[in-house]
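Shown here: final.cif, mmCIF, C-alpha atoms.
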```cif
data_data
#
loop_
_atom_site.label_atom_id
_atom_site.label_comp_id
_atom_site.auth_asym_id
_atom_site.auth_seq_id
_atom_site.Cartn_x
_atom_site.Cartn_y
_atom_site.Cartn_z
CA MET A 441 -114.73 -4.94 -8.99
CA LYS A 442 -111.99 -6.61 -10.95
CA THR A 443 -112.57 -8.35 -14.23
CA ARG A 444 -112.46 -12.11 -13.91
CA ILE A 445 -111.26 -13.05 -17.37
CA VAL A 446 -108.84 -11.31 -19.74
CA THR A 447 -108.36 -12.81 -23.21
CA ILE A 448 -105.44 -11.75 -25.35
CA SER A 449 -105.32 -12.06 -29.12
CA ARG A 450 -102.06 -10.83 -30.62
CA GLU A 451 -100.09 -10.17 -33.76
CA TYR A 452 -96.95 -12.27 -34.09
CA GLY A 453 -93.94 -10.56 -32.51
CA SER A 454 -96.04 -7.89 -30.78
CA GLY A 455 -95.17 -9.20 -27.33
CA GLY A 456 -98.76 -10.22 -26.65
CA ARG A 457 -97.73 -13.37 -24.82
CA ALA A 458 -95.31 -11.43 -22.61
CA VAL A 459 -98.07 -8.88 -21.95
CA GLY A 460 -100.39 -11.70 -20.90
CA GLN A 461 -97.84 -13.27 -18.58
CA GLN A 462 -96.83 -10.00 -16.92
CA LEU A 463 -100.42 -8.86 -16.62
CA ALA A 464 -101.45 -12.12 -14.93
CA ALA A 465 -98.46 -11.89 -12.56
CA ARG A 466 -99.34 -8.32 -11.58
CA LEU A 467 -103.02 -9.18 -11.11
CA GLY A 468 -102.09 -12.27 -9.16
CA ILE A 469 -104.09 -14.62 -11.38
CA ALA A 470 -103.22 -17.54 -13.65
CA CYS A 471 -102.07 -17.18 -17.26
CA TYR A 472 -103.01 -19.95 -19.68
CA ASP A 473 -100.84 -20.22 -22.71
CA GLN A 474 -98.46 -23.17 -22.98
CA ALA A 475 -100.18 -24.52 -19.87
CA LEU A 476 -103.44 -24.42 -21.81
CA ILE A 477 -101.87 -26.54 -24.53
CA GLY A 478 -101.03 -29.17 -21.93
CA LYS A 479 -104.56 -29.18 -20.65
CA ILE A 480 -105.97 -29.55 -24.13
CA ALA A 481 -103.52 -32.36 -24.83
CA MET A 482 -104.70 -34.25 -21.76
CA GLU A 483 -108.30 -33.63 -22.67
CA THR A 484 -108.06 -34.78 -26.25
CA GLY A 485 -105.25 -37.23 -26.43
CA PHE A 486 -103.65 -35.18 -29.22
CA ALA A 487 -99.89 -35.06 -28.92
CA ARG A 488 -98.61 -31.92 -27.19
CA ASP A 489 -96.34 -30.99 -30.11
CA TYR A 490 -99.09 -31.44 -32.63
CA ILE A 491 -101.39 -29.09 -30.75
CA SER A 492 -98.63 -26.59 -30.23
CA LYS A 493 -98.08 -26.48 -33.98
CA ARG A 494 -101.63 -26.91 -35.24
CA GLY A 495 -103.82 -25.55 -32.45
CA GLU A 496 -104.15 -22.20 -34.19
CA ASP A 497 -104.40 -23.47 -37.76
CA ALA A 498 -107.52 -23.06 -39.80
CA PRO A 499 -108.57 -26.01 -41.92
CA LYS A 500 -106.69 -26.39 -45.19
CA GLY A 501 -108.10 -24.05 -47.81
CA ALA A 502 -109.42 -21.51 -45.31
CA TRP A 503 -106.66 -19.11 -46.42
CA LEU A 504 -108.37 -19.01 -49.81
CA GLY A 505 -111.40 -17.29 -48.37
CA GLY A 506 -113.20 -20.50 -47.54
CA VAL A 507 -113.63 -21.51 -51.18
CA PHE A 508 -111.92 -24.81 -50.62
CA ALA A 509 -112.52 -25.04 -46.89
CA GLY A 510 -114.41 -28.15 -45.98
CA LYS A 511 -113.35 -30.00 -49.10
CA ASP A 512 -110.35 -31.47 -47.36
CA PHE A 513 -112.49 -33.69 -45.24
CA TYR A 514 -109.71 -35.25 -43.22
CA GLY A 515 -108.06 -31.88 -42.32
CA LEU A 516 -111.37 -30.27 -41.43
CA SER A 517 -112.36 -33.15 -39.24
CA ILE A 518 -109.15 -33.05 -37.19
CA GLN A 519 -109.24 -29.27 -36.85
CA ASP A 520 -112.89 -29.25 -35.90
CA GLU A 521 -112.30 -31.85 -33.23
CA LEU A 522 -109.36 -29.89 -31.88
CA TRP A 523 -111.38 -26.65 -31.96
CA SER A 524 -114.16 -28.29 -30.04
CA ALA A 525 -111.73 -29.59 -27.39
CA GLN A 526 -110.02 -26.18 -27.05
CA ARG A 527 -113.38 -24.48 -26.65
CA LYS A 528 -114.35 -26.88 -23.90
CA VAL A 529 -111.09 -26.35 -22.01
CA ILE A 530 -111.31 -22.55 -22.33
CA THR A 531 -114.92 -22.49 -21.11
CA GLY A 532 -113.97 -24.67 -18.16
CA LEU A 533 -110.99 -22.52 -17.17
CA ALA A 534 -113.09 -19.34 -17.25
CA GLU A 535 -115.70 -20.98 -15.05
CA ARG A 536 -113.12 -22.22 -12.56
CA GLU A 537 -110.93 -19.20 -11.79
CA PRO A 538 -110.01 -15.64 -12.78
CA CYS A 539 -107.33 -15.89 -15.47
CA VAL A 540 -105.60 -14.47 -18.54
CA ILE A 541 -105.95 -16.63 -21.65
CA VAL A 542 -103.63 -15.98 -24.61
CA GLY A 543 -104.68 -16.85 -28.16
CA ARG A 544 -106.89 -19.62 -29.48
CA CYS A 545 -110.01 -17.49 -30.09
CA ALA A 546 -110.72 -17.38 -26.35
CA ASP A 547 -112.39 -13.96 -26.74
CA TYR A 548 -114.87 -15.45 -29.17
CA VAL A 549 -115.46 -18.58 -27.12
CA LEU A 550 -116.20 -16.47 -24.02
CA ARG A 551 -117.98 -13.59 -25.78
CA GLU A 552 -121.23 -13.97 -23.83
CA ARG A 553 -119.56 -13.55 -20.42
CA LYS A 554 -120.20 -10.22 -18.75
CA ASP A 555 -116.95 -10.32 -16.78
CA LEU A 556 -114.75 -10.55 -19.86
CA LEU A 557 -112.16 -8.02 -20.99
CA SER A 558 -111.05 -9.07 -24.47
CA VAL A 559 -107.80 -7.56 -25.70
CA PHE A 560 -105.91 -7.34 -28.99
CA ILE A 561 -102.16 -6.55 -28.92
CA HIS A 562 -100.48 -5.29 -32.06
CA ALA A 563 -97.52 -3.26 -33.31
CA PRO A 564 -96.12 -2.02 -36.62
CA LEU A 565 -94.57 -4.70 -38.83
CA SER A 566 -91.03 -3.29 -38.62
CA PHE A 567 -91.23 -3.26 -34.80
CA ARG A 568 -92.42 -6.87 -34.70
CA ALA A 569 -89.83 -8.06 -37.20
CA GLN A 570 -87.10 -6.50 -35.09
CA ARG A 571 -88.54 -8.06 -31.94
CA ALA A 572 -88.86 -11.50 -33.55
CA LYS A 573 -85.23 -11.27 -34.61
CA THR A 574 -84.04 -10.34 -31.10
CA ILE A 575 -86.32 -12.35 -28.83
CA TYR A 576 -86.91 -15.48 -30.88
CA GLU A 577 -83.56 -15.31 -32.66
CA LYS A 578 -85.31 -15.84 -35.94
CA GLU A 579 -82.90 -15.77 -38.81
CA ALA A 580 -85.22 -15.95 -41.77
CA ASN A 581 -83.85 -14.21 -44.84
CA ASN A 582 -86.85 -12.00 -45.00
CA ILE A 583 -88.03 -11.63 -41.44
CA GLU A 584 -90.94 -9.35 -42.35
CA ASP A 585 -92.31 -11.98 -44.71
CA PHE A 586 -91.97 -14.59 -41.97
CA VAL A 587 -93.93 -12.39 -39.54
CA ARG A 588 -96.58 -11.65 -42.18
CA LYS A 589 -97.09 -15.37 -42.79
CA LYS A 590 -97.50 -16.03 -39.06
CA ASP A 591 -100.17 -13.32 -38.89
CA LYS A 592 -101.92 -14.73 -41.94
CA LYS A 593 -102.25 -18.09 -40.19
CA ARG A 594 -103.58 -16.52 -37.00
CA ALA A 595 -106.04 -14.42 -38.98
CA ALA A 596 -107.21 -17.46 -40.95
CA PHE A 597 -107.75 -19.44 -37.74
CA TYR A 598 -109.62 -16.61 -36.04
CA ASN A 599 -111.73 -15.63 -39.04
CA TYR A 600 -112.63 -19.23 -39.79
CA PHE A 601 -113.73 -20.29 -36.33
CA SER A 602 -115.08 -17.00 -35.00
CA GLN A 603 -116.62 -15.55 -38.16
CA ASN A 604 -115.26 -12.22 -36.89
CA LYS A 605 -112.44 -10.25 -38.46
CA TRP A 606 -109.08 -10.62 -36.72
CA GLY A 607 -107.59 -7.22 -35.87
CA ASP A 608 -110.81 -5.26 -36.28
CA ALA A 609 -110.92 -3.06 -33.19
CA ARG A 610 -114.67 -3.53 -32.90
CA HIS A 611 -114.38 -7.19 -31.91
CA TYR A 612 -112.34 -6.48 -28.75
CA HIS A 613 -113.00 -4.41 -25.64
CA LEU A 614 -109.47 -3.04 -25.75
CA ALA A 615 -106.77 -2.98 -28.41
CA VAL A 616 -103.32 -1.81 -27.41
CA SER A 617 -100.23 -1.20 -29.51
CA SER A 618 -96.99 -2.35 -27.94
CA VAL A 619 -95.04 0.25 -29.92
CA TYR A 620 -94.59 2.23 -26.68
CA GLY A 621 -93.35 -0.91 -24.93
CA VAL A 622 -94.67 -4.08 -23.31
CA ASP A 623 -94.54 -2.42 -19.86
CA PHE A 624 -96.85 0.37 -21.00
CA ALA A 625 -99.34 -2.11 -22.47
CA VAL A 626 -99.30 -4.11 -19.21
CA GLU A 627 -99.81 -0.95 -17.15
CA VAL A 628 -102.81 0.14 -19.24
CA LEU A 629 -104.39 -3.32 -19.07
CA LYS A 630 -103.77 -3.77 -15.36
CA HIS A 631 -105.55 -0.51 -14.62
CA ALA A 632 -108.37 -1.45 -17.00
CA ALA A 633 -108.81 -4.86 -15.34
CA GLU A 634 -108.85 -3.26 -11.89
CA SER A 635 -111.22 -0.40 -12.83
CA PHE A 636 -113.57 -2.80 -14.57
CA PRO A 637 -117.14 -1.78 -13.72
CA GLY A 638 -118.52 -5.26 -14.29
CA GLY A 639 -121.61 -6.22 -16.16
CA ARG A 640 -123.11 -4.83 -19.33
CA ASP A 641 -126.34 -5.23 -21.26
CA MET B 1374 -94.24 11.84 -18.51
CA LYS B 1375 -97.70 12.61 -19.75
CA THR B 1376 -98.70 12.32 -23.35
CA ARG B 1377 -99.10 15.70 -25.01
CA ILE B 1378 -101.68 14.88 -27.65
CA VAL B 1379 -104.61 12.47 -27.60
CA THR B 1380 -106.61 12.03 -30.81
CA ILE B 1381 -110.01 10.36 -30.74
CA SER B 1382 -111.64 8.71 -33.72
CA ARG B 1383 -115.07 7.27 -32.93
CA GLU B 1384 -118.04 5.33 -34.21
CA TYR B 1385 -121.27 7.32 -34.28
CA GLY B 1386 -123.18 7.02 -31.00
CA SER B 1387 -120.27 5.38 -29.15
CA GLY B 1388 -119.84 8.38 -26.85
CA GLY B 1389 -116.42 9.17 -28.29
CA ARG B 1390 -116.99 12.91 -28.08
CA ALA B 1391 -118.10 12.67 -24.43
CA VAL B 1392 -115.04 10.52 -23.73
CA GLY B 1393 -112.82 13.19 -25.30
CA GLN B 1394 -114.41 16.01 -23.33
CA GLN B 1395 -114.29 14.19 -19.98
CA LEU B 1396 -110.76 12.96 -20.60
CA ALA B 1397 -109.53 16.48 -21.40
CA ALA B 1398 -111.27 17.84 -18.30
CA ARG B 1399 -109.67 15.20 -16.08
CA LEU B 1400 -106.23 15.73 -17.61
CA GLY B 1401 -106.66 19.48 -17.34
CA ILE B 1402 -106.01 20.11 -21.02
CA ALA B 1403 -108.04 21.53 -23.91
CA CYS B 1404 -110.49 19.52 -26.03
CA TYR B 1405 -110.91 20.51 -29.66
CA ASP B 1406 -114.11 19.42 -31.25
CA GLN B 1407 -116.76 22.03 -32.05
CA ALA B 1408 -114.11 24.58 -31.08
CA LEU B 1409 -111.90 23.14 -33.77
CA ILE B 1410 -114.63 23.69 -36.32
CA GLY B 1411 -114.69 27.36 -35.37
CA LYS B 1412 -110.96 27.63 -35.79
CA ILE B 1413 -111.08 25.99 -39.18
CA ALA B 1414 -113.91 28.29 -40.20
CA MET B 1415 -111.86 31.34 -39.28
CA GLU B 1416 -108.85 29.95 -41.06
CA THR B 1417 -110.58 29.13 -44.31
CA GLY B 1418 -113.49 31.49 -44.59
CA PHE B 1419 -115.85 28.51 -45.02
CA ALA B 1420 -119.14 29.05 -43.23
CA ARG B 1421 -119.27 27.39 -39.80
CA ASP B 1422 -122.39 25.39 -40.66
CA TYR B 1423 -120.94 24.14 -43.90
CA ILE B 1424 -117.84 22.83 -42.18
CA SER B 1425 -119.85 21.32 -39.39
CA LYS B 1426 -121.84 19.37 -41.97
CA ARG B 1427 -119.17 18.65 -44.55
CA GLY B 1428 -115.89 18.66 -42.59
CA GLU B 1429 -115.90 14.88 -42.31
CA ASP B 1430 -117.25 14.11 -45.80
CA ALA B 1431 -115.15 12.33 -48.34
CA PRO B 1432 -115.41 13.63 -51.91
CA LYS B 1433 -118.46 12.45 -53.84
CA GLY B 1434 -117.91 8.97 -55.17
CA ALA B 1435 -115.43 7.96 -52.48
CA TRP B 1436 -118.13 5.71 -50.98
CA LEU B 1437 -117.89 3.65 -54.13
CA GLY B 1438 -114.37 2.57 -53.35
CA GLY B 1439 -112.77 5.47 -55.15
CA VAL B 1440 -113.97 4.38 -58.58
CA PHE B 1441 -115.69 7.67 -59.21
CA ALA B 1442 -113.70 9.75 -56.73
CA GLY B 1443 -111.99 12.63 -58.42
CA LYS B 1444 -114.45 12.70 -61.28
CA ASP B 1445 -116.63 15.22 -59.53
CA PHE B 1446 -114.05 17.92 -59.96
CA TYR B 1447 -115.90 20.64 -58.10
CA GLY B 1448 -116.66 18.47 -55.02
CA LEU B 1449 -113.14 17.12 -54.84
CA SER B 1450 -111.68 20.56 -55.03
CA ILE B 1451 -113.76 21.94 -52.15
CA GLN B 1452 -113.12 18.88 -49.99
CA ASP B 1453 -109.42 18.91 -50.69
CA GLU B 1454 -109.18 22.58 -49.80
CA LEU B 1455 -111.10 21.96 -46.58
CA TRP B 1456 -108.92 18.93 -45.78
CA SER B 1457 -105.81 20.97 -46.27
CA ALA B 1458 -107.13 23.72 -43.96
CA GLN B 1459 -108.16 21.21 -41.29
CA ARG B 1460 -104.75 19.58 -41.42
CA LYS B 1461 -103.04 22.93 -40.93
CA VAL B 1462 -105.20 23.82 -37.92
CA ILE B 1463 -104.69 20.40 -36.30
CA THR B 1464 -100.92 20.55 -36.77
CA GLY B 1465 -100.88 24.03 -35.27
CA LEU B 1466 -102.94 23.05 -32.24
CA ALA B 1467 -100.70 20.07 -31.50
CA GLU B 1468 -97.64 22.31 -31.69
CA ARG B 1469 -99.14 24.92 -29.41
CA GLU B 1470 -100.47 23.00 -26.41
CA PRO B 1471 -101.29 19.58 -24.97
CA CYS B 1472 -104.83 18.72 -26.07
CA VAL B 1473 -107.45 16.15 -27.01
CA ILE B 1474 -108.63 16.35 -30.63
CA VAL B 1475 -111.83 14.55 -31.61
CA GLY B 1476 -112.39 13.35 -35.17
CA ARG B 1477 -111.21 14.75 -38.49
CA CYS B 1478 -108.38 12.25 -39.10
CA ALA B 1479 -106.24 14.01 -36.50
CA ASP B 1480 -104.48 10.71 -35.70
CA TYR B 1481 -103.35 10.43 -39.31
CA VAL B 1482 -102.36 14.09 -39.57
CA LEU B 1483 -100.21 13.79 -36.43
CA ARG B 1484 -98.97 10.23 -37.00
CA GLU B 1485 -95.29 11.18 -36.99
CA ARG B 1486 -95.39 12.76 -33.52
CA LYS B 1487 -93.76 10.70 -30.81
CA ASP B 1488 -95.94 12.19 -28.06
CA LEU B 1489 -99.20 11.07 -29.65
CA LEU B 1490 -101.71 8.65 -28.18
CA SER B 1491 -104.23 7.88 -30.91
CA VAL B 1492 -107.51 6.35 -29.79
CA PHE B 1493 -110.53 4.70 -31.44
CA ILE B 1494 -113.81 4.49 -29.49
CA HIS B 1495 -116.44 2.00 -30.57
CA ALA B 1496 -119.40 -0.02 -29.30
CA PRO B 1497 -121.85 -2.62 -30.62
CA LEU B 1498 -124.44 -1.28 -33.06
CA SER B 1499 -127.42 -1.95 -30.77
CA PHE B 1500 -125.71 -0.05 -27.93
CA ARG B 1501 -125.01 2.94 -30.17
CA ALA B 1502 -128.49 2.96 -31.65
CA GLN B 1503 -129.96 3.05 -28.16
CA ARG B 1504 -127.58 5.82 -27.15
CA ALA B 1505 -128.32 7.88 -30.27
CA LYS B 1506 -132.02 7.56 -29.51
CA THR B 1507 -131.59 8.70 -25.88
CA ILE B 1508 -128.84 11.31 -26.08
CA TYR B 1509 -129.46 12.86 -29.48
CA GLU B 1510 -133.22 12.22 -29.42
CA LYS B 1511 -133.01 10.78 -32.90
CA GLU B 1512 -136.35 9.56 -34.11
CA ALA B 1513 -135.41 7.90 -37.35
CA ASN B 1514 -137.69 5.01 -38.26
CA ASN B 1515 -134.78 2.68 -38.43
CA ILE B 1516 -132.24 4.04 -36.00
CA GLU B 1517 -129.69 1.30 -36.68
CA ASP B 1518 -129.69 2.19 -40.38
CA PHE B 1519 -129.19 5.84 -39.48
CA VAL B 1520 -126.20 4.97 -37.28
CA ARG B 1521 -124.76 2.69 -39.97
CA LYS B 1522 -124.95 5.48 -42.55
CA LYS B 1523 -123.17 7.90 -40.22
CA ASP B 1524 -120.36 5.38 -39.76
CA LYS B 1525 -120.15 4.81 -43.48
CA LYS B 1526 -119.53 8.53 -44.01
CA ARG B 1527 -116.86 8.65 -41.31
CA ALA B 1528 -115.18 5.57 -42.71
CA ALA B 1529 -115.25 7.02 -46.25
CA PHE B 1530 -113.70 10.27 -45.03
CA TYR B 1531 -110.99 8.53 -43.04
CA ASN B 1532 -110.16 5.90 -45.65
CA TYR B 1533 -110.05 8.49 -48.43
CA PHE B 1534 -107.79 11.03 -46.77
CA SER B 1535 -105.66 8.76 -44.63
CA GLN B 1536 -105.36 5.73 -46.90
CA ASN B 1537 -105.71 3.71 -43.67
CA LYS B 1538 -108.68 1.56 -42.73
CA TRP B 1539 -111.08 3.16 -40.27
CA GLY B 1540 -111.72 0.87 -37.28
CA ASP B 1541 -108.72 -1.39 -37.88
CA ALA B 1542 -107.13 -1.69 -34.43
CA ARG B 1543 -103.67 -1.58 -35.95
CA HIS B 1544 -103.95 2.08 -36.94
CA TYR B 1545 -104.47 3.33 -33.38
CA HIS B 1546 -102.39 3.07 -30.20
CA LEU B 1547 -105.51 2.29 -28.19
CA ALA B 1548 -108.99 1.18 -29.12
CA VAL B 1549 -111.61 1.09 -26.37
CA SER B 1550 -115.18 -0.16 -26.43
CA SER B 1551 -117.64 2.02 -24.53
CA VAL B 1552 -119.89 -0.99 -23.93
CA TYR B 1553 -118.79 -0.97 -20.28
CA GLY B 1554 -119.58 2.76 -20.04
CA VAL B 1555 -118.10 6.13 -20.96
CA ASP B 1556 -116.65 6.48 -17.44
CA PHE B 1557 -114.69 3.26 -17.80
CA ALA B 1558 -113.30 4.35 -21.18
CA VAL B 1559 -112.27 7.72 -19.70
CA GLU B 1560 -110.61 6.02 -16.72
CA VAL B 1561 -108.60 3.67 -18.96
CA LEU B 1562 -107.49 6.52 -21.22
CA LYS B 1563 -106.61 8.88 -18.38
CA HIS B 1564 -104.32 6.28 -16.86
CA ALA B 1565 -102.81 5.54 -20.28
CA ALA B 1566 -102.15 9.23 -20.92
CA GLU B 1567 -100.56 9.62 -17.50
CA SER B 1568 -98.45 6.44 -17.68
CA PHE B 1569 -97.28 7.32 -21.18
CA PRO B 1570 -93.58 6.47 -21.44
CA GLY B 1571 -92.96 9.00 -24.18
CA GLY B 1572 -90.97 8.49 -27.32
CA ARG B 1573 -90.72 5.50 -29.61
CA ASP B 1574 -88.62 4.50 -32.61
#
```

Could the structure of this file be written out as structure tokens, please?
Amino acid sequence: MKTRIVTISREYGSGGRAVGQQLAARLGIACYDQALIGKIAMETGFARDYISKRGEDAPKGAWLGGVFAGKDFYGLSIQDELWSAQRKVITGLAEREPCVIVGRCADYVLRERKDLLSVFIHAPLSFRAQRAKTIYEKEANNIEDFVRKKDKKRAAFYNYFSQNKWGDARHYHLAVSSVYGVDFAVEVLKHAAESFPGGRD
Amino acid sequence: MKTRIVTISREYGSGGRAVGQQLAARLGIACYDQALIGKIAMETGFARDYISKRGEDAPKGAWLGGVFAGKDFYGLSIQDELWSAQRKVITGLAEREPCVIVGRCADYVLRERKDLLSVFIHAPLSFRAQRAKTIYEKEANNIEDFVRKKDKKRAAFYNYFSQNKWGDARHYHLAVSSVYGVDFAVEVLKHAAESFPGGRD
């Protein structure tokens, strides 16, 4: 049996999105990433750009360990509404067809499914900084700081909405470093998705 | 190219040792686990039983976040000597032949090798408690507490000697949950070891 749903959480610059796209292509299933944003936009009426920028933000203050989270009523309200819409879209997609879903806490949203393979893609900071420079043509003065900040935002979003710990191996079925290349990560995941025994207690 | 060295770090009861043994058998290479203990014993003169029990202990006090670590001079000295001997044996084994090495911070010891695939095996607590009960016939009153304490010791050992964080996906090339079965984990790792591109920056 093949797995039906693969979710990919990823460090910034690790190539996680490319892994998701190539994996989906090789498995012959859909990949929801930017396309997912469009769906959410239609669902919620939020502007596409706004969701693209804010769809993985935690509420203001969540970076500070939740001390101030919830006090910014307006921010929390918007983010919670967006979170709720994203969750609905992700649940619907997983019901409808086999697919790869990149980002947006999809692993947590779908955690009760027994046909889920949840994946975390990561790589050393220097590797990701170099990749961000080359692929995204980022020209920040301190590219490593830029990458670190991106991760901090993703971690805050994930930790806030999932109550798990972003990057802890124990929250994912598979975690793969892309330090040996995106192709290698795709190859490992393709085989995993195809060898998937299905079901668990 | 095949990877030459696979290291396996594992949560207690996750089946990590079984994964290591089956993986080595399927790859046709050696697995060092209990055998490694024997080698270390010969190397150091420590009694086999002592190393079996203490070879993955951190120095006394290390559980308390290092506050008291180093103050128990006698304990620290023995553990440091043992650590140094283990490191020497692991380095020697990796030089000598392709192999799977289970436990004992081998991933950290061999972190500079470019032919290394370092792996972390884990599973949900309830799954591991059930497995510990069945496989090891553990009859502790509270089996989950027993499993948790075992993990705490492994984490203390790893965090103390490696200065990494045990269980953080980012310290391993691959992390695999055994929740879908030991066979599935072995299958994923075998393919990864065989598809290994070799080399990295």

Please identify all residues of chain A having at least one atom at most 9 Å from any atom of chain B, considering all atoms listed in the file, and return them as a CSV table (one decimal) with C-alpha atoms, keeping the file's coordinate frame.
```
chain,number,residue,atom,x,y,z
A,560,PHE,CA,-105.9,-7.3,-29.0
A,561,ILE,CA,-102.2,-6.6,-28.9
A,562,HIS,CA,-100.5,-5.3,-32.1
A,563,ALA,CA,-97.5,-3.3,-33.3
A,564,PRO,CA,-96.1,-2.0,-36.6
A,567,PHE,CA,-91.2,-3.3,-34.8
A,607,GLY,CA,-107.6,-7.2,-35.9
A,608,ASP,CA,-110.8,-5.3,-36.3
A,609,ALA,CA,-110.9,-3.1,-33.2
A,610,ARG,CA,-114.7,-3.5,-32.9
A,611,HIS,CA,-114.4,-7.2,-31.9
A,612,TYR,CA,-112.3,-6.5,-28.8
A,613,HIS,CA,-113.0,-4.4,-25.6
A,614,LEU,CA,-109.5,-3.0,-25.8
A,615,ALA,CA,-106.8,-3.0,-28.4
A,616,VAL,CA,-103.3,-1.8,-27.4
A,617,SER,CA,-100.2,-1.2,-29.5
A,618,SER,CA,-97.0,-2.4,-27.9
A,619,VAL,CA,-95.0,0.2,-29.9
A,620,TYR,CA,-94.6,2.2,-26.7
A,621,GLY,CA,-93.4,-0.9,-24.9
A,624,PHE,CA,-96.8,0.4,-21.0
A,625,ALA,CA,-99.3,-2.1,-22.5
A,627,GLU,CA,-99.8,-1.0,-17.2
A,628,VAL,CA,-102.8,0.1,-19.2
A,629,LEU,CA,-104.4,-3.3,-19.1
A,631,HIS,CA,-105.6,-0.5,-14.6
A,632,ALA,CA,-108.4,-1.4,-17.0
A,635,SER,CA,-111.2,-0.4,-12.8
A,636,PHE,CA,-113.6,-2.8,-14.6
A,637,PRO,CA,-117.1,-1.8,-13.7
A,638,GLY,CA,-118.5,-5.3,-14.3
A,639,GLY,CA,-121.6,-6.2,-16.2
A,640,ARG,CA,-123.1,-4.8,-19.3
A,641,ASP,CA,-126.3,-5.2,-21.3
```

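The space separating CA of Arg450 (chain A) from CA of Asn1537 (chain B) comes to 19.9 Å.
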
- [ ] List the residues matched by the PyMOL selection byres ((chain B and resi 1498) around 10) in the displayed structure as a VMD selection string, ordered by chain and then by residue number.
- [x] chain B and resid 1384 to 1387 1495 to 1497 1499 to 1504 1516 to 1518 1520 to 1521

- [ ] Show which residues sit within 9 Å of Ala1397 (chain B), as a list in words. Count only C-alpha atoms, and ignore same-chain residues fewer than 4 positions away.
- [x]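 Residues meeting the cut-off are Val1379, Val1392, Gly1393, Gly1401, Ile1402, Ala1403, Cys1404, Cys1472, Val1473 and Lys1563 of chain B.
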
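For the pair CA of Leu1466 (chain B) and CA of Phe1530 (chain B), the interatomic distance is 21.0 Å.
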
Task: Distance criterion (all atoms listed in the file): nearest to Asp473 (chain A) out of A:Gln519, A:Ser524, A:Ser449, A:Gln603 - done: A:Ser449

- [ ] In Å, rounded to a single decimal, give me how far CA of Arg527 (chain A) is from CA of Leu556 (chain A).
- [x]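 Interatomic distance here is 15.6 Å.
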
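Applied to this file, the PyMOL selection byres ((chain A and resi 528-531) around 9) selects the residues Leu476, Lys479, Ile480, Glu483, Trp523, Ser524, Ala525, Gln526, Arg527, Gly532, Leu533, Ala534, Glu535, Arg536, Ile541, Arg544, Ala546, Val549 and Leu550 of chain A.
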